[in-house]
Structure formats: C-alpha cells, structure tokens
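Listing of structure_22.cif, mmCIF, N, CA and C atoms
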data_my_file
#
loop_
_atom_site.label_atom_id
_atom_site.label_comp_id
_atom_site.auth_asym_id
_atom_site.auth_seq_id
_atom_site.Cartn_x
_atom_site.Cartn_y
_atom_site.Cartn_z
N MET A 1 110.36 154.83 74.49
CA MET A 1 111.22 154.00 75.29
C MET A 1 110.39 153.14 76.24
N LYS A 2 109.34 153.74 76.81
CA LYS A 2 108.49 152.98 77.73
C LYS A 2 107.78 151.85 76.98
N ALA A 3 107.37 152.11 75.75
CA ALA A 3 106.70 151.08 74.95
C ALA A 3 107.65 149.91 74.69
N LEU A 4 108.91 150.21 74.44
CA LEU A 4 109.91 149.16 74.20
C LEU A 4 110.11 148.31 75.44
N SER A 5 110.23 148.92 76.61
CA SER A 5 110.42 148.14 77.84
C SER A 5 109.18 147.31 78.16
N THR A 6 108.01 147.83 77.86
CA THR A 6 106.77 147.06 78.06
C THR A 6 106.76 145.87 77.12
N LEU A 7 107.15 146.08 75.88
CA LEU A 7 107.20 145.01 74.90
C LEU A 7 108.20 143.92 75.31
N VAL A 8 109.35 144.33 75.80
CA VAL A 8 110.36 143.39 76.27
C VAL A 8 109.82 142.60 77.46
N ALA A 9 109.17 143.27 78.38
CA ALA A 9 108.59 142.59 79.55
C ALA A 9 107.54 141.58 79.13
N ILE A 10 106.70 141.92 78.18
CA ILE A 10 105.67 141.00 77.69
C ILE A 10 106.34 139.80 77.02
N GLY A 11 107.36 140.07 76.23
CA GLY A 11 108.08 138.98 75.56
C GLY A 11 108.73 138.03 76.55
N MET A 12 109.34 138.59 77.59
CA MET A 12 109.97 137.75 78.61
C MET A 12 108.93 136.93 79.35
N LEU A 13 107.81 137.53 79.67
CA LEU A 13 106.74 136.82 80.35
C LEU A 13 106.23 135.67 79.50
N ALA A 14 106.03 135.92 78.22
CA ALA A 14 105.57 134.87 77.32
C ALA A 14 106.59 133.75 77.23
N PHE A 15 107.88 134.09 77.19
CA PHE A 15 108.93 133.09 77.13
C PHE A 15 108.93 132.22 78.39
N PHE A 16 108.88 132.85 79.55
CA PHE A 16 108.91 132.08 80.80
C PHE A 16 107.66 131.22 80.96
N MET A 17 106.53 131.71 80.52
CA MET A 17 105.31 130.91 80.60
C MET A 17 105.40 129.70 79.68
N SER A 18 105.98 129.87 78.49
CA SER A 18 106.09 128.74 77.57
C SER A 18 107.10 127.73 78.06
N THR A 19 108.21 128.17 78.66
CA THR A 19 109.19 127.21 79.16
C THR A 19 108.65 126.50 80.38
N HIS A 20 107.83 127.15 81.18
CA HIS A 20 107.24 126.51 82.34
C HIS A 20 106.28 125.41 81.91
N SER A 21 105.47 125.67 80.91
CA SER A 21 104.53 124.64 80.48
C SER A 21 105.28 123.48 79.82
N PHE A 22 106.37 123.77 79.12
CA PHE A 22 107.17 122.69 78.54
C PHE A 22 107.79 121.85 79.65
N ALA A 23 108.31 122.48 80.68
CA ALA A 23 108.92 121.74 81.78
C ALA A 23 107.88 120.88 82.47
N GLY A 24 106.66 121.34 82.53
CA GLY A 24 105.60 120.56 83.16
C GLY A 24 105.31 119.28 82.42
N ASP A 25 105.48 119.29 81.09
CA ASP A 25 105.25 118.09 80.30
C ASP A 25 106.22 116.98 80.69
N GLU A 26 107.44 117.33 80.95
CA GLU A 26 108.46 116.35 81.30
C GLU A 26 108.70 116.31 82.80
N GLY A 27 108.17 117.25 83.53
CA GLY A 27 108.47 117.39 84.95
C GLY A 27 108.14 116.17 85.79
N HIS A 28 106.94 115.63 85.65
CA HIS A 28 106.57 114.49 86.48
C HIS A 28 107.35 113.24 86.12
N THR A 29 107.60 113.04 84.85
CA THR A 29 108.40 111.88 84.44
C THR A 29 109.81 112.01 85.00
N ALA A 30 110.38 113.19 84.91
CA ALA A 30 111.73 113.42 85.44
C ALA A 30 111.77 113.20 86.95
N GLU A 31 110.76 113.70 87.65
CA GLU A 31 110.69 113.51 89.11
C GLU A 31 110.52 112.03 89.45
N ALA A 32 109.68 111.33 88.70
CA ALA A 32 109.47 109.91 88.92
C ALA A 32 110.79 109.15 88.74
N LEU A 33 111.51 109.49 87.69
CA LEU A 33 112.80 108.84 87.44
C LEU A 33 113.80 109.14 88.55
N GLU A 34 113.85 110.38 88.96
CA GLU A 34 114.80 110.78 90.00
C GLU A 34 114.55 109.99 91.29
N HIS A 35 113.30 109.89 91.70
CA HIS A 35 113.00 109.16 92.93
C HIS A 35 113.20 107.65 92.76
N ALA A 36 112.88 107.13 91.59
CA ALA A 36 113.08 105.70 91.35
C ALA A 36 114.57 105.36 91.39
N GLU A 37 115.39 106.22 90.81
CA GLU A 37 116.83 105.98 90.83
C GLU A 37 117.37 106.04 92.25
N GLU A 38 116.85 106.96 93.04
CA GLU A 38 117.25 107.05 94.45
C GLU A 38 116.78 105.80 95.20
N ALA A 39 115.59 105.31 94.88
CA ALA A 39 115.06 104.09 95.50
C ALA A 39 115.98 102.91 95.20
N VAL A 40 116.41 102.79 93.95
CA VAL A 40 117.29 101.70 93.55
C VAL A 40 118.62 101.79 94.29
N LYS A 41 119.15 103.00 94.38
CA LYS A 41 120.43 103.19 95.08
C LYS A 41 120.32 102.66 96.51
N HIS A 42 119.26 103.02 97.20
CA HIS A 42 119.07 102.55 98.58
C HIS A 42 118.77 101.06 98.63
N GLY A 43 117.97 100.59 97.67
CA GLY A 43 117.64 99.17 97.64
C GLY A 43 118.87 98.29 97.48
N LYS A 44 119.81 98.74 96.67
CA LYS A 44 121.05 97.98 96.47
C LYS A 44 121.91 97.94 97.74
N MET A 45 121.67 98.90 98.62
CA MET A 45 122.37 98.90 99.91
C MET A 45 121.58 98.14 100.97
N GLY A 46 120.42 97.59 100.57
CA GLY A 46 119.60 96.84 101.51
C GLY A 46 118.70 97.70 102.38
N HIS A 47 118.54 98.96 102.02
CA HIS A 47 117.72 99.89 102.80
C HIS A 47 116.28 99.86 102.32
N ALA A 48 115.51 98.91 102.81
CA ALA A 48 114.12 98.75 102.35
C ALA A 48 113.27 99.97 102.70
N LYS A 49 113.51 100.58 103.85
CA LYS A 49 112.71 101.73 104.27
C LYS A 49 112.89 102.91 103.30
N GLU A 50 114.12 103.21 102.94
CA GLU A 50 114.39 104.32 102.03
C GLU A 50 113.93 103.98 100.62
N LEU A 51 114.11 102.71 100.23
CA LEU A 51 113.59 102.25 98.95
C LEU A 51 112.09 102.52 98.89
N LEU A 52 111.38 102.16 99.94
CA LEU A 52 109.93 102.36 100.01
C LEU A 52 109.56 103.83 99.89
N GLU A 53 110.23 104.69 100.63
CA GLU A 53 109.91 106.13 100.59
C GLU A 53 110.07 106.70 99.19
N HIS A 54 111.18 106.39 98.54
CA HIS A 54 111.43 106.96 97.21
C HIS A 54 110.55 106.31 96.15
N ALA A 55 110.28 105.02 96.29
CA ALA A 55 109.40 104.35 95.32
C ALA A 55 107.99 104.93 95.40
N LYS A 56 107.53 105.22 96.62
CA LYS A 56 106.19 105.83 96.77
C LYS A 56 106.15 107.21 96.14
N GLU A 57 107.19 107.99 96.33
CA GLU A 57 107.24 109.33 95.74
C GLU A 57 107.32 109.22 94.21
N SER A 58 108.08 108.27 93.73
CA SER A 58 108.16 108.04 92.29
C SER A 58 106.79 107.67 91.73
N LEU A 59 106.06 106.84 92.44
CA LEU A 59 104.72 106.42 92.00
C LEU A 59 103.78 107.62 91.87
N VAL A 60 103.84 108.53 92.83
CA VAL A 60 102.99 109.73 92.78
C VAL A 60 103.25 110.50 91.48
N HIS A 61 104.52 110.67 91.15
CA HIS A 61 104.87 111.43 89.95
C HIS A 61 104.57 110.63 88.67
N ALA A 62 104.77 109.34 88.72
CA ALA A 62 104.45 108.51 87.55
C ALA A 62 102.95 108.56 87.25
N GLN A 63 102.14 108.51 88.30
CA GLN A 63 100.69 108.60 88.10
C GLN A 63 100.29 109.96 87.55
N ALA A 64 100.96 111.02 88.02
CA ALA A 64 100.68 112.36 87.51
C ALA A 64 101.09 112.47 86.03
N ALA A 65 102.23 111.87 85.69
CA ALA A 65 102.67 111.88 84.28
C ALA A 65 101.66 111.13 83.41
N LYS A 66 101.13 110.05 83.92
CA LYS A 66 100.12 109.29 83.18
C LYS A 66 98.88 110.15 82.94
N LYS A 67 98.44 110.87 83.97
CA LYS A 67 97.27 111.74 83.83
C LYS A 67 97.52 112.85 82.81
N GLU A 68 98.78 113.25 82.68
CA GLU A 68 99.12 114.31 81.73
C GLU A 68 99.31 113.77 80.31
N GLY A 69 99.14 112.45 80.14
CA GLY A 69 99.17 111.91 78.78
C GLY A 69 100.34 111.01 78.43
N ALA A 70 101.09 110.51 79.41
CA ALA A 70 102.19 109.59 79.09
C ALA A 70 101.61 108.30 78.50
N ASP A 71 102.40 107.64 77.69
CA ASP A 71 101.93 106.45 76.97
C ASP A 71 101.91 105.19 77.84
N ALA A 72 101.70 104.05 77.19
CA ALA A 72 101.54 102.77 77.89
C ALA A 72 102.78 102.34 78.66
N HIS A 73 103.94 102.84 78.30
CA HIS A 73 105.14 102.51 79.07
C HIS A 73 105.00 102.99 80.52
N MET A 74 104.34 104.12 80.70
CA MET A 74 104.15 104.62 82.06
C MET A 74 103.22 103.70 82.84
N ASP A 75 102.25 103.09 82.16
CA ASP A 75 101.38 102.10 82.83
C ASP A 75 102.23 100.96 83.38
N GLU A 76 103.15 100.48 82.57
CA GLU A 76 104.03 99.39 83.01
C GLU A 76 104.94 99.84 84.14
N ALA A 77 105.45 101.06 84.05
CA ALA A 77 106.29 101.60 85.12
C ALA A 77 105.51 101.64 86.43
N ILE A 78 104.27 102.08 86.36
CA ILE A 78 103.42 102.16 87.55
C ILE A 78 103.22 100.77 88.15
N LYS A 79 102.95 99.77 87.32
CA LYS A 79 102.77 98.40 87.82
C LYS A 79 104.01 97.91 88.56
N HIS A 80 105.18 98.18 87.98
CA HIS A 80 106.43 97.73 88.62
C HIS A 80 106.72 98.52 89.89
N LEU A 81 106.41 99.79 89.90
CA LEU A 81 106.58 100.56 91.13
C LEU A 81 105.69 100.01 92.24
N GLU A 82 104.45 99.69 91.89
CA GLU A 82 103.53 99.13 92.89
C GLU A 82 104.05 97.81 93.44
N GLU A 83 104.60 96.98 92.57
CA GLU A 83 105.19 95.71 93.02
C GLU A 83 106.43 95.96 93.88
N GLY A 84 107.24 96.91 93.46
CA GLY A 84 108.43 97.27 94.24
C GLY A 84 108.07 97.76 95.62
N ILE A 85 107.01 98.54 95.71
CA ILE A 85 106.53 99.06 96.99
C ILE A 85 106.06 97.91 97.88
N LYS A 86 105.31 96.96 97.31
CA LYS A 86 104.83 95.81 98.08
C LYS A 86 106.01 95.04 98.70
N HIS A 87 107.03 94.81 97.88
CA HIS A 87 108.19 94.07 98.39
C HIS A 87 108.97 94.88 99.42
N ALA A 88 109.10 96.18 99.20
CA ALA A 88 109.81 97.02 100.17
C ALA A 88 109.06 97.05 101.50
N GLU A 89 107.73 97.05 101.45
CA GLU A 89 106.94 97.03 102.68
C GLU A 89 107.17 95.75 103.47
N MET A 90 107.50 94.67 102.77
CA MET A 90 107.79 93.39 103.43
C MET A 90 109.26 93.29 103.83
N GLY A 91 110.03 94.34 103.54
CA GLY A 91 111.45 94.34 103.88
C GLY A 91 112.32 93.65 102.86
N HIS A 92 111.77 93.34 101.69
CA HIS A 92 112.51 92.66 100.62
C HIS A 92 113.16 93.69 99.69
N ALA A 93 114.25 94.27 100.13
CA ALA A 93 114.91 95.31 99.35
C ALA A 93 115.37 94.79 97.99
N ASP A 94 115.86 93.55 97.94
CA ASP A 94 116.37 93.03 96.67
C ASP A 94 115.28 92.90 95.61
N GLU A 95 114.14 92.34 95.98
CA GLU A 95 113.04 92.18 95.03
C GLU A 95 112.40 93.53 94.70
N GLY A 96 112.30 94.40 95.69
CA GLY A 96 111.78 95.75 95.45
C GLY A 96 112.65 96.52 94.49
N THR A 97 113.96 96.32 94.61
CA THR A 97 114.91 96.98 93.72
C THR A 97 114.74 96.50 92.28
N LYS A 98 114.57 95.20 92.10
CA LYS A 98 114.39 94.65 90.75
C LYS A 98 113.17 95.26 90.05
N HIS A 99 112.07 95.36 90.78
CA HIS A 99 110.86 95.94 90.18
C HIS A 99 111.05 97.43 89.90
N THR A 100 111.73 98.11 90.79
CA THR A 100 111.95 99.55 90.58
C THR A 100 112.88 99.78 89.40
N GLU A 101 113.87 98.92 89.21
CA GLU A 101 114.74 99.04 88.03
C GLU A 101 113.94 98.82 86.75
N GLU A 102 113.01 97.88 86.79
CA GLU A 102 112.16 97.63 85.62
C GLU A 102 111.27 98.85 85.36
N ALA A 103 110.78 99.48 86.43
CA ALA A 103 109.96 100.69 86.29
C ALA A 103 110.78 101.79 85.61
N ILE A 104 112.03 101.93 86.02
CA ILE A 104 112.91 102.95 85.42
C ILE A 104 113.04 102.71 83.92
N SER A 105 113.24 101.47 83.55
CA SER A 105 113.37 101.12 82.13
C SER A 105 112.14 101.57 81.34
N HIS A 106 110.97 101.33 81.89
CA HIS A 106 109.73 101.74 81.21
C HIS A 106 109.56 103.26 81.21
N MET A 107 109.92 103.91 82.30
CA MET A 107 109.80 105.38 82.36
C MET A 107 110.65 106.03 81.30
N ARG A 108 111.84 105.47 81.06
CA ARG A 108 112.73 106.05 80.05
C ARG A 108 112.17 105.88 78.64
N GLU A 109 111.33 104.89 78.46
CA GLU A 109 110.69 104.66 77.16
C GLU A 109 109.40 105.47 77.01
N ALA A 110 108.85 105.91 78.12
CA ALA A 110 107.55 106.59 78.11
C ALA A 110 107.67 107.95 77.42
N GLY A 111 106.65 108.25 76.67
CA GLY A 111 106.56 109.54 76.01
C GLY A 111 105.11 109.95 75.99
N PRO A 112 104.81 111.05 75.35
CA PRO A 112 103.41 111.46 75.24
C PRO A 112 102.62 110.43 74.46
N LYS A 113 101.36 110.33 74.79
CA LYS A 113 100.46 109.40 74.12
C LYS A 113 100.41 109.74 72.64
N SER A 114 100.50 108.72 71.81
CA SER A 114 100.43 108.90 70.36
C SER A 114 99.03 109.32 69.95
N PRO A 115 98.89 110.26 69.00
CA PRO A 115 97.56 110.70 68.58
C PRO A 115 96.82 109.63 67.78
N HIS A 116 97.47 108.53 67.42
CA HIS A 116 96.83 107.47 66.61
C HIS A 116 96.10 106.49 67.48
#
Would you mind writing the structure in this file as structure tokens?
Amino acid sequence: MKALSTLVAIGMLAFFMSTHSFAGDEGHTAEALEHAEEAVKHGKMGHAKELLEHAKESLVHAQAAKKEGADAHMDEAIKHLEEGIKHAEMGHADEGTKHTEEAISHMREAGPKSPH
C-alpha cells in the first residue's frame, strides 16, 4: 500500500511539473497580452499614465517570451509596444493605443520559433 501511495505521489509530481513547464511556454505571451489589453482599455479612455504602466509591463513579458523562443511576430509586437510607450510618455494616449493594438495583433500571431 505504501508503494502505491509513493507511486501516486511521484505521478502527481511529474504531472504538475509538466503542466508548469507547459504554462511557462505560453505564460509570458499571455501576460504580455493581458497587460497590452489593459493598456488599450485605459488608452481608449484617454488615460496615458495607465496606458504607459501596462504597456511597460507588457513589454517586459513580450521580451521574456522572445527570449524563450517566440517567433518574429513577437519582434514586431515589441517594436509597437516601444512606440506605444514613447507616445504614452508624451501624453498621447490615442497614438499609444494604436501602437499597442498593433502589438496585440502581432502577439496573437506569435508562436514558438520554427525549427526551419
């Protein structure tokens, strides 16, 4: 009976470790998207400060996703986030929002780097 409970515990540990590593593959992209969407929401309300905060957080996660192997779409998303941040810093919520929306579009297209 003890051997069975040990085996079950090992199996559960292996399962949780595998799901954690899978979540990590998509985790930064999902976080980047979440913050970018929040940035757009605030940008549409004219809140440049909140747009800036969320766009910066999105950029951190987008860069981490790129380091983990996201494809060229993430490069484009990063460029648009950087532009969105520049405009938000100048108080241009409308232009910052446009770039952040473009970043979202690219993030949704981003996937793991192709082995070819």
field: Residues within 9 Å of His47 (chain A), only C-alpha atoms, excluding chain neighbours under 4 positions, as a PyMOL selection string
entry: chain A and resi 39+41-43+51-52+88+91+93
query: Applied to the shown file, which residues does the PyMOL selection byres ((chain A and resi 70-87) around 5) return, written as an NGL selection string?
result: :A and (65-66 or 68-69 or 88-92 or 96 or 99-100 or 103 or 106 or 110-113)
query: What is the atom C of Gly27 (chain A)-CA of Glu53 (chain A) distance in Å, reported with one decimal?
result: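 Computed distance, atom C of Gly27 (chain A) to CA of Glu53 (chain A), equals 18.0 Å.
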message: My list of candidates is A:Lys56, A:Lys49, A:Lys44, A:His61. Which is closest to Glu31 (chain A) when distances are computed with all atoms listed in the file?
response: A:His61
message: For a test of reading the model, state the distance in Å between CA of His54 (chain A) and CA of Ser105 (chain A), rounded to one decimal.
response: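 CA of Ser105 (chain A) lies 16.3 Å from CA of His54 (chain A).
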message: Between atom C of Lys67 (chain A) and atom C of Glu95 (chain A), what distance in Å does the model show, to one decimal?
response: 27.1 Å
message: Neighbouring residues of Leu33 (chain A) were defined as those with any atom within 6.5 Å, considering only N, CA and C atoms; residues of the same chain fewer than 5 positions away were excluded. Please report them as an NGL selection string.
response: :A and (28 or 38 or 58 or 104)
- request: Would you please work out which residue, of A:Glu57, A:Glu102, A:Glu109, A:Asp94, is nearest to Glu34 (chain A) when using only C-alpha atoms?
  value: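 With only C-alpha atoms as the atom set, the closest residue is A:Glu57.
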Centre, edges in Å (one decimal): axis-aligned box, region 67-70 of chain A, 8 Å padding on all six sides, as AutoDock Vina command-line options:
--center_x 99.7 --center_y 111.3 --center_z 81.2 --size_x 20.9 --size_y 22.0 --size_z 21.5
